[in-house]
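S.K.: Sharing a structure below in structure tokens format, with a few things to ask.
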Amino acid sequence: MNLLSRCSAFLALAGSLFAQSVPDGYSSSLHSLPNSAGYPAVLTNAIAWFDGTDVTLQETGLAPRSLLHFSVPHFGAFLVPLRNGALLFADSSFGDVYLLATSVGALPILLNNLVLPYDAAELSPTTVVISAKTGGFGASDNDLIWLDLTTGVTTALGSVGGASGALAIDAHGDLIYATAPQSFPPPSGSVQILRWSALQITLAQLGAGSLSLANAQVMVTGLDAVGDLALDTDDDLFFIDWLNGTVGEINQLHQSPWTTNFIDYTVSNVSCGTLQFIGSSGEFEPYSTTSSGELRLHETDFLQVSQLRKIQPRSAGLTAGNFSVIPRGPFTLQVQQATPNGIAIFGLALAQNLNAFTLTVQGFEQSIPWDNSLFIGITSFAALDALGHNQLQLNNPGLPAGTRLIAACAFSDSGLQLLGATQVRSLLLAP
């Protein structure tokens, strides 16, 4: 083997060692960015990023173009996509906050100037909340600022002690904020997730009160660090724990939340810099058949690698070969890509029509598709292999015309920690 071949083999091995794994029940894909690209933001049919001098927009099938240019390098603070298709950008070098339309020929609008902006979240189509250390690095508090996107007017909503924290707006219009201790590194377990209601925000904007730790609802305690936040469509909060090199998930934030690790970067050659969740419906859960959402993670080594990872739930499949009508005789019903080494329950019933619904099972966060006929049909238990596969050998004896086999497969991991199911299948049986 020559030197070039050995190098290629080593790099291939290194790539496999550093390949980022995602939890079972999800799929993952990568989109490469220029190595200087930071703060990427995904829009409909476009991706934007900031490289120190330009906010660049890359539309599908078109050449990249600059939305904002600086003659000297700046440090970025945030690049946030807005619901109207525009972008909100701020730099931490000079604190300028810009509204960037993405239409060709549109000029950047300088909205305001804030000392040390850190993060922003859209409150309404015309307003955002910004987290900024307006008193400077030495200030004891971090400020929460209301910004009008049409006028650039700002209003102080309140402040929280410590360094600048990440924030998000939930489905109710409430403000979610991650505290950040002033000391570095932060003391273990010192970070909290706070919540202020939409009403509290409105009153603070009107001058009738101020947001503070004293009037916040403490949602979660005991976190080590939070660099960025993203809420999904079924009340889970993802966060970057930069101290431990992980992306964590706070499950059921507004109910009885518990925290799990979602992705571990400690054995990777890249770190996670920002999060963005895209989607409006369904459960963003492993093996979900209803989710329309995707989690985008910016991965970078801050030198040569900058990439966006897209994570989506991956549903398991249930097949009966390639038959449109199941012929007389033996046939195989197979489940694929369910929980590795898990437990499966095949549900089978004979019926004329589907009567599917979404089933909630006590003790599990995920709901599953099921069918009423399966409650009076038969069930068959099976162990799944390392790929999450198993199969049933069945026989069609020849039944009255129009008879259908209603089939589905529910499954769990070996520890009974998560639940999933295939879509319900309606298979026409030949007479």
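To be explicit about the labels: the chains of the structure tokens are called A, B, and onward in the order shown, and within each one the residues are counted from 1, while ligands get numbers from 1 in the order they are shown.
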Could the residues of range 102-178 of chain A that have an atom at most 10 Å from range 220-232 of chain A be listed as JSON lines, each with its closest atom pair and the distance in Å to one decimal, counting only C-alpha atoms and ordered by chain and ascending residue number?

M.R.:
{"residue": "A:Tyr118", "atom": "CA", "partner": "A:Gly227", "partner_atom": "CA", "distance": 10.0}
{"residue": "A:Asp119", "atom": "CA", "partner": "A:Asp228", "partner_atom": "CA", "distance": 8.2}
{"residue": "A:Ala121", "atom": "CA", "partner": "A:Leu229", "partner_atom": "CA", "distance": 10.0}
{"residue": "A:Ser164", "atom": "CA", "partner": "A:Gly227", "partner_atom": "CA", "distance": 9.4}
{"residue": "A:Gly165", "atom": "CA", "partner": "A:Gly227", "partner_atom": "CA", "distance": 7.4}
{"residue": "A:Ala166", "atom": "CA", "partner": "A:Asp228", "partner_atom": "CA", "distance": 5.3}
{"residue": "A:Leu167", "atom": "CA", "partner": "A:Leu229", "partner_atom": "CA", "distance": 6.3}
{"residue": "A:Ala168", "atom": "CA", "partner": "A:Leu229", "partner_atom": "CA", "distance": 6.4}
{"residue": "A:Ile169", "atom": "CA", "partner": "A:Leu231", "partner_atom": "CA", "distance": 8.1}
{"residue": "A:Asp170", "atom": "CA", "partner": "A:Leu231", "partner_atom": "CA", "distance": 6.9}
{"residue": "A:Ala171", "atom": "CA", "partner": "A:Leu231", "partner_atom": "CA", "distance": 8.9}
{"residue": "A:Ile176", "atom": "CA", "partner": "A:Leu229", "partner_atom": "CA", "distance": 8.9}
{"residue": "A:Tyr177", "atom": "CA", "partner": "A:Leu229", "partner_atom": "CA", "distance": 8.6}
{"residue": "A:Ala178", "atom": "CA", "partner": "A:Val226", "partner_atom": "CA", "distance": 6.5}

S.K.: When you look at range 395-410 of chain A with a cut-off of 6 Å (counting only C-alpha atoms), what residues show up, excluding the ones that are within fewer than 5 positions of it in the same chain? I need them as number ranges by chain.

M.R.: A: 328-331, 344-352, 420-422, 424-429, 431

S.K.: Would you save the residues of that selection, restricted to N, CA, C and O atoms, as an mmCIF file, in the first residue's frame?

M.R.:
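Written out: selection19.cif:
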data_model
loop_
_atom_site.group_PDB
_atom_site.id
_atom_site.type_symbol
_atom_site.label_atom_id
_atom_site.label_comp_id
_atom_site.auth_asym_id
_atom_site.auth_seq_id
_atom_site.Cartn_x
_atom_site.Cartn_y
_atom_site.Cartn_z
ATOM 1 N N ARG A 328 -53.429 -15.963 -2.293
ATOM 2 C CA ARG A 328 -53.617 -17.144 -1.453
ATOM 3 C C ARG A 328 -52.273 -17.781 -1.151
ATOM 4 O O ARG A 328 -51.361 -17.774 -1.974
ATOM 5 N N GLY A 329 -52.188 -18.349 0.046
ATOM 6 C CA GLY A 329 -50.967 -19.046 0.398
ATOM 7 C C GLY A 329 -50.130 -18.278 1.408
ATOM 8 O O GLY A 329 -50.548 -17.242 1.941
ATOM 9 N N PRO A 330 -48.933 -18.760 1.688
ATOM 10 C CA PRO A 330 -48.091 -18.142 2.705
ATOM 11 C C PRO A 330 -47.541 -16.775 2.247
ATOM 12 O O PRO A 330 -47.285 -16.560 1.062
ATOM 13 N N PHE A 331 -47.403 -15.895 3.200
ATOM 14 C CA PHE A 331 -46.748 -14.609 2.946
ATOM 15 C C PHE A 331 -46.082 -14.152 4.245
ATOM 16 O O PHE A 331 -46.349 -14.703 5.328
ATOM 17 N N ALA A 344 -41.340 -6.378 20.218
ATOM 18 C CA ALA A 344 -42.367 -5.997 19.257
ATOM 19 C C ALA A 344 -43.678 -6.716 19.564
ATOM 20 O O ALA A 344 -43.684 -7.853 20.055
ATOM 21 N N ILE A 345 -44.776 -6.027 19.266
ATOM 22 C CA ILE A 345 -46.109 -6.623 19.353
ATOM 23 C C ILE A 345 -46.794 -6.408 18.013
ATOM 24 O O ILE A 345 -47.103 -5.277 17.632
ATOM 25 N N PHE A 346 -47.023 -7.490 17.272
ATOM 26 C CA PHE A 346 -47.770 -7.418 16.028
ATOM 27 C C PHE A 346 -49.259 -7.489 16.358
ATOM 28 O O PHE A 346 -49.700 -8.393 17.087
ATOM 29 N N GLY A 347 -50.020 -6.526 15.849
ATOM 30 C CA GLY A 347 -51.465 -6.545 15.986
ATOM 31 C C GLY A 347 -52.101 -6.900 14.655
ATOM 32 O O GLY A 347 -51.766 -6.290 13.618
ATOM 33 N N LEU A 348 -53.025 -7.876 14.655
ATOM 34 C CA LEU A 348 -53.631 -8.365 13.411
ATOM 35 C C LEU A 348 -55.136 -8.497 13.595
ATOM 36 O O LEU A 348 -55.611 -8.938 14.649
ATOM 37 N N ALA A 349 -55.883 -8.096 12.576
ATOM 38 C CA ALA A 349 -57.340 -8.250 12.619
ATOM 39 C C ALA A 349 -57.872 -8.283 11.193
ATOM 40 O O ALA A 349 -57.273 -7.726 10.261
ATOM 41 N N LEU A 350 -59.016 -8.925 11.016
ATOM 42 C CA LEU A 350 -59.706 -8.923 9.730
ATOM 43 C C LEU A 350 -60.830 -7.902 9.795
ATOM 44 O O LEU A 350 -61.623 -7.893 10.745
ATOM 45 N N ALA A 351 -60.905 -7.045 8.806
ATOM 46 C CA ALA A 351 -61.925 -5.986 8.802
ATOM 47 C C ALA A 351 -62.141 -5.522 7.375
ATOM 48 O O ALA A 351 -61.360 -5.824 6.467
ATOM 49 N N GLN A 352 -63.214 -4.788 7.172
ATOM 50 C CA GLN A 352 -63.502 -4.241 5.850
ATOM 51 C C GLN A 352 -62.812 -2.897 5.627
ATOM 52 O O GLN A 352 -62.463 -2.552 4.503
ATOM 53 N N GLY A 420 -42.809 3.051 20.171
ATOM 54 C CA GLY A 420 -43.015 3.422 18.785
ATOM 55 C C GLY A 420 -43.963 2.449 18.113
ATOM 56 O O GLY A 420 -44.321 1.414 18.687
ATOM 57 N N ALA A 421 -44.362 2.775 16.916
ATOM 58 C CA ALA A 421 -45.226 1.866 16.142
ATOM 59 C C ALA A 421 -45.125 2.222 14.674
ATOM 60 O O ALA A 421 -44.850 3.370 14.306
ATOM 61 N N THR A 422 -45.362 1.239 13.844
ATOM 62 C CA THR A 422 -45.449 1.479 12.411
ATOM 63 C C THR A 422 -46.797 2.124 12.097
ATOM 64 O O THR A 422 -47.703 2.150 12.934
ATOM 65 N N VAL A 424 -50.438 1.964 10.525
ATOM 66 C CA VAL A 424 -51.383 0.857 10.391
ATOM 67 C C VAL A 424 -51.527 0.529 8.903
ATOM 68 O O VAL A 424 -51.762 1.425 8.079
ATOM 69 N N ARG A 425 -51.389 -0.752 8.568
ATOM 70 C CA ARG A 425 -51.509 -1.181 7.183
ATOM 71 C C ARG A 425 -52.863 -1.861 6.958
ATOM 72 O O ARG A 425 -53.356 -2.596 7.807
ATOM 73 N N SER A 426 -53.443 -1.590 5.803
ATOM 74 C CA SER A 426 -54.669 -2.261 5.371
ATOM 75 C C SER A 426 -54.314 -3.070 4.122
ATOM 76 O O SER A 426 -54.090 -2.498 3.050
ATOM 77 N N LEU A 427 -54.261 -4.402 4.264
ATOM 78 C CA LEU A 427 -53.800 -5.278 3.194
ATOM 79 C C LEU A 427 -54.986 -6.070 2.641
ATOM 80 O O LEU A 427 -55.624 -6.835 3.371
ATOM 81 N N LEU A 428 -55.284 -5.891 1.362
ATOM 82 C CA LEU A 428 -56.373 -6.605 0.720
ATOM 83 C C LEU A 428 -55.974 -8.062 0.471
ATOM 84 O O LEU A 428 -54.904 -8.334 -0.075
ATOM 85 N N LEU A 429 -56.822 -8.993 0.907
ATOM 86 C CA LEU A 429 -56.543 -10.420 0.751
ATOM 87 C C LEU A 429 -57.303 -10.974 -0.454
ATOM 88 O O LEU A 429 -58.497 -10.733 -0.608
ATOM 89 N N PRO A 431 -59.378 -13.594 -2.574
ATOM 90 C CA PRO A 431 -60.312 -14.668 -2.173
ATOM 91 C C PRO A 431 -59.811 -16.034 -2.637
ATOM 92 O O PRO A 431 -58.939 -16.134 -3.484
#

S.K.: If we count only C-alpha atoms, what is near Thr259 in chain A at a cut-off of 12 Å, once residues fewer than 6 positions away on the same chain are taken out, given as an mmCIF file with C-alpha atoms, in the first residue's frame?

M.R.:
data_model
loop_
_atom_site.group_PDB
_atom_site.id
_atom_site.type_symbol
_atom_site.label_atom_id
_atom_site.label_comp_id
_atom_site.auth_asym_id
_atom_site.auth_seq_id
_atom_site.Cartn_x
_atom_site.Cartn_y
_atom_site.Cartn_z
ATOM 1 C CA ILE A 193 -34.418 27.422 32.964
ATOM 2 C CA MET A 219 -38.866 25.296 35.168
ATOM 3 C CA VAL A 220 -35.641 23.274 35.470
ATOM 4 C CA THR A 221 -32.614 23.412 37.753
ATOM 5 C CA GLY A 222 -29.274 21.624 37.953
ATOM 6 C CA LEU A 223 -27.922 22.166 34.428
ATOM 7 C CA ASP A 224 -24.197 22.796 33.976
ATOM 8 C CA ASP A 236 -39.394 19.492 24.455
ATOM 9 C CA LEU A 237 -36.537 21.974 24.877
ATOM 10 C CA PHE A 238 -33.161 21.230 23.296
ATOM 11 C CA PHE A 239 -30.055 22.969 24.617
ATOM 12 C CA ASP A 241 -24.287 22.110 27.019
ATOM 13 C CA VAL A 247 -26.854 18.551 23.215
ATOM 14 C CA GLY A 248 -29.418 17.888 25.921
ATOM 15 C CA GLU A 249 -33.180 17.515 25.810
ATOM 16 C CA ILE A 250 -35.595 18.681 28.487
ATOM 17 C CA ASN A 251 -38.631 16.494 27.928
ATOM 18 C CA GLN A 252 -42.151 17.855 28.553
ATOM 19 C CA LEU A 253 -40.929 21.270 29.700
#

S.K.: Please indicate the distance in Å from CA of Leu114 in chain A to CA of Asp96 in chain A, rounded to one decimal place.

M.R.: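 According to the coordinates, CA of Leu114 in chain A and CA of Asp96 in chain A are separated by 6.4 Å.
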
S.K.: Can you check which parts of range 43-73 of chain A lie within 12 Å of range 302-323 of chain A? Per residue, the shortest pair of atoms and distance in Å to one decimal, counting only C-alpha atoms, sorted by chain and number, as JSON lines.

M.R.:
{"residue": "A:Ile47", "atom": "CA", "partner": "A:Leu308", "partner_atom": "CA", "distance": 9.8}
{"residue": "A:Ala48", "atom": "CA", "partner": "A:Leu308", "partner_atom": "CA", "distance": 11.3}
{"residue": "A:Trp49", "atom": "CA", "partner": "A:Ser306", "partner_atom": "CA", "distance": 10.6}
{"residue": "A:Phe50", "atom": "CA", "partner": "A:Ser306", "partner_atom": "CA", "distance": 11.6}
{"residue": "A:Asp51", "atom": "CA", "partner": "A:Ser306", "partner_atom": "CA", "distance": 10.7}

S.K.: Which residues come within 10 Å of Phe70 in chain A, counting only C-alpha atoms, excluding same-chain residues fewer than 4 positions away, as a ChimeraX atom specification?

M.R.: /A:52-55,74

S.K.: Next, the residues of the selection above should be written as a compact mmCIF listing (two decimals), in the first residue's frame with N, CA and C atoms.

M.R.:
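Full text of out.txt as output:
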# COMPACT_ATOMS: atom_id res chain seq x y z
N GLY A 52 -17.97 36.76 9.26
CA GLY A 52 -17.08 37.77 9.83
C GLY A 52 -17.13 39.08 9.09
N THR A 53 -17.44 39.03 7.79
CA THR A 53 -17.58 40.26 7.00
C THR A 53 -18.91 40.35 6.26
N ASP A 54 -19.52 39.20 5.94
CA ASP A 54 -20.75 39.21 5.15
C ASP A 54 -21.80 38.29 5.76
N VAL A 55 -23.04 38.75 5.71
CA VAL A 55 -24.18 37.84 5.88
C VAL A 55 -24.55 37.38 4.48
N HIS A 74 -16.05 41.61 11.86
CA HIS A 74 -16.84 41.76 13.07
C HIS A 74 -17.03 40.37 13.70

S.K.: Ranking A:Leu206, A:Leu199, A:Leu144, A:Leu57 by minimum distance to Ser159 in chain A and counting only C-alpha atoms, which one comes first?

M.R.: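 Among A:Leu206, A:Leu199, A:Leu144, A:Leu57, it is A:Leu144 that comes nearest to Ser159 in chain A.
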